[in-house]
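Student: Sharing a structure with you now.
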Amino acid sequence: MMANCLERYFQKYYAKCYRAAFALVKNRADAEDIAQEVLVRLLVYEPEFASEEHEKAWMLRTAINLAKDLLKSKWHNALVAIETVDEAEKSYLQIPDVETDDTLWMVLELPERFRNCLYLFYYEDYSIREIADILEEPENTVKSNLKRGREVLKRRLQERR
Amino acid sequence: MAVNSVNGNHLLEKIGNCHSRNSKSKGNAYENFMGNLKEKAQEKEAQQAIQQSTAESINALQLDYRSGKLASELLLQKSGRVEMHAYIETAVRHISYAESDKVKVCTVEGYTLKAQVDADEHMVYIEQKNEDGTCQAYEVNPLKISENTKNPIEQMALEAWDIAKDLHNDGMFTEMDETKPADASTEKAVTFSEMVDKFEEFVEKRMEEGPPKIQIGGSEFTEDEWERLLKRIDKDIDAYKEELRERVRRQQEKEALKKRQSGAIEEEEEIIPLPV
């Protein structure tokens, strides 16, 4: 049954999972692997979703967790140790309906706890409650991360100028 | 003493008193009189102003009854304390980025703006999502916005409106299109006068050159000439057919005569007896 729905899941979530993964791993190849792995896990585990919000949260949470796992792995740490987004990789992250500028790349260079909240809130248009579901954190933590992350971002932008 | 005469005397006394005053007292009375007039005029103006402000506040209250936010905006504008904005706050629809015509992410400022254009209503719906999770929505009339506005919501509405204009009718849409029905009469009048001029030119040309000629083969014919030509051809064909019939008839008569003559000879030959 899940196999029949795979196309629908692919169309609906592949790009979102790819972007969420890219925000963490910052390269196309790894982000694509993660997005595909999310769909594989969906087929393997066949989770039952209570609602569409639950479904979306599961998909993105899995993508973010897989990205975190990749970043934690020794192999990845040995190869990629920088927080900045490579110029060549920038063209592989295109967010629909949103005009991207340098601020996006600055957001992706923030510490992880701020980066996820800011990226999902501003660039993927998720509400604070949805972000709390995806990241499995309390809403107040998300709110404070958004505020602190914005302050850090503002400071970094001022320093750069 | 009659009542009329009393009144008359009284008036006379009054007039007499006035006449008896000196010029200085006359001048004072005039100044007092003018002063009173001015005071009355000022009072009247003040009353009118009060009435007007009351009427305005009633209007505002009526608007308040219909839509709360609009009334407060109008009152502030009338009082001159705050300049009126081209937008009013409205209910939040929670539109997605995909449903928006333009999205502006203000990460540093701590909010996002989503704009949805309603070209028919001349309205841009702007939704603001704040960092603390709250949302506000505004309906903005882009035609009331100054191009130099520094208000982020108005700027957003203008940008979204420009994008919608470019998309609509492949960039041919303008605000003036809305007023086309009003201009249609003048446009028709111009067209009509142009048509009359053209007709006049046509008549002049027709009178000079005669009816229009149509090229058929190597020559040109007017409709009348063509009709005459066809009639002549029909007549010639009829004459030719008549001639043919006449020829056939003569031929048949000749043949019949020949037959008749050869028949008579044969009869004579039959009558003559053979010699024994």
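Labeling convention for the structure tokens: chains A, B, ... as they appear, residues from 1 per chain, ligands from 1 in order of appearance.
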Could you write out as a list in words the residues of chain A within 8 Å of chain B, counting only C-alpha atoms?

Tutor: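 Written out as asked, the residues are Pro96, Asp97, Val98, Glu99, Thr103, Leu118, Tyr122, Tyr123, Asp125, Ser127, Ile128, Lys143, Leu146, Lys147, Arg150, Glu151, Leu153 and Lys154 of chain A.
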
Student: Keeping only N, CA, C and O atoms, write the selected residues to a file as a short mmCIF file (atom, residue, chain, number, x, y, z; two decimals), in the first residue's frame.

Tutor:
```
data_model
loop_
_atom_site.label_atom_id
_atom_site.label_comp_id
_atom_site.auth_asym_id
_atom_site.auth_seq_id
_atom_site.Cartn_x
_atom_site.Cartn_y
_atom_site.Cartn_z
N PRO A 96 11.62 27.50 -3.39
CA PRO A 96 10.55 28.05 -4.22
C PRO A 96 9.83 29.21 -3.54
O PRO A 96 9.66 29.20 -2.32
N ASP A 97 9.44 30.20 -4.34
CA ASP A 97 8.65 31.36 -3.90
C ASP A 97 9.41 32.35 -3.01
O ASP A 97 8.86 33.35 -2.60
N VAL A 98 10.65 32.05 -2.69
CA VAL A 98 11.40 32.95 -1.81
C VAL A 98 12.65 33.45 -2.52
O VAL A 98 13.36 32.66 -3.13
N GLU A 99 12.84 34.77 -2.44
CA GLU A 99 14.06 35.34 -3.04
C GLU A 99 15.21 35.14 -2.05
O GLU A 99 15.14 35.61 -0.91
N THR A 103 21.70 36.55 3.20
CA THR A 103 21.18 36.27 4.55
C THR A 103 20.93 34.78 4.72
O THR A 103 21.18 34.22 5.79
N LEU A 118 15.55 28.92 12.48
CA LEU A 118 15.43 30.07 11.57
C LEU A 118 15.11 29.62 10.15
O LEU A 118 14.25 30.21 9.49
N TYR A 122 11.57 30.88 8.61
CA TYR A 122 11.57 31.95 7.60
C TYR A 122 11.54 31.43 6.17
O TYR A 122 10.87 32.03 5.33
N TYR A 123 12.25 30.37 5.90
CA TYR A 123 12.38 29.95 4.50
C TYR A 123 11.43 28.83 4.10
O TYR A 123 11.12 28.66 2.94
N ASP A 125 8.45 28.43 5.91
CA ASP A 125 7.15 28.94 6.34
C ASP A 125 6.42 28.01 7.33
O ASP A 125 5.20 27.85 7.26
N SER A 127 5.11 27.04 11.11
CA SER A 127 4.74 27.77 12.33
C SER A 127 5.61 27.27 13.48
O SER A 127 6.28 26.22 13.36
N ILE A 128 5.57 28.00 14.57
CA ILE A 128 6.40 27.61 15.73
C ILE A 128 5.99 26.23 16.24
O ILE A 128 6.83 25.41 16.61
N LYS A 143 10.90 29.39 20.20
CA LYS A 143 10.76 30.86 20.19
C LYS A 143 12.07 31.52 20.64
O LYS A 143 12.53 32.47 20.00
N LEU A 146 14.72 31.19 18.04
CA LEU A 146 14.48 32.12 16.93
C LEU A 146 15.01 33.51 17.28
O LEU A 146 15.67 34.16 16.48
N LYS A 147 14.71 33.94 18.50
CA LYS A 147 15.12 35.28 18.92
C LYS A 147 16.64 35.37 19.04
O LYS A 147 17.26 36.29 18.50
N ARG A 150 18.36 35.12 15.67
CA ARG A 150 18.26 36.37 14.91
C ARG A 150 19.27 37.40 15.42
O ARG A 150 19.88 38.12 14.64
N GLU A 151 19.45 37.42 16.73
CA GLU A 151 20.43 38.36 17.30
C GLU A 151 21.85 38.02 16.84
O GLU A 151 22.63 38.91 16.48
N LEU A 153 22.64 36.38 14.14
CA LEU A 153 22.67 36.67 12.70
C LEU A 153 22.90 38.16 12.46
O LEU A 153 23.74 38.55 11.63
N LYS A 154 22.17 38.98 13.21
CA LYS A 154 22.27 40.44 13.07
C LYS A 154 23.70 40.89 13.39
O LYS A 154 24.28 41.69 12.64
#
```

Student: Using only C-alpha atoms, determine which residues lie at most 9 Å from segment 123-128 of chain B, disregarding the query and same-chain residues fewer than 6 positions distant; provide the list as a count of residues only.

Tutor: 28

Student: Could you pull the residues within 10 Å of Phe22 of chain A, counting only C-alpha atoms, minus those fewer than 4 positions along the same chain, as an MDAnalysis selection string?

Tutor: chainID A and resid 16:18 26:32 34:35 63:64 67 85 89:90 92:93 108

Student: For a test of reading the model, state the distance in Å between atom CA of Phe199 of chain B and atom CA of Ser219 of chain B, rounded to one decimal.

Tutor: 27.5 Å
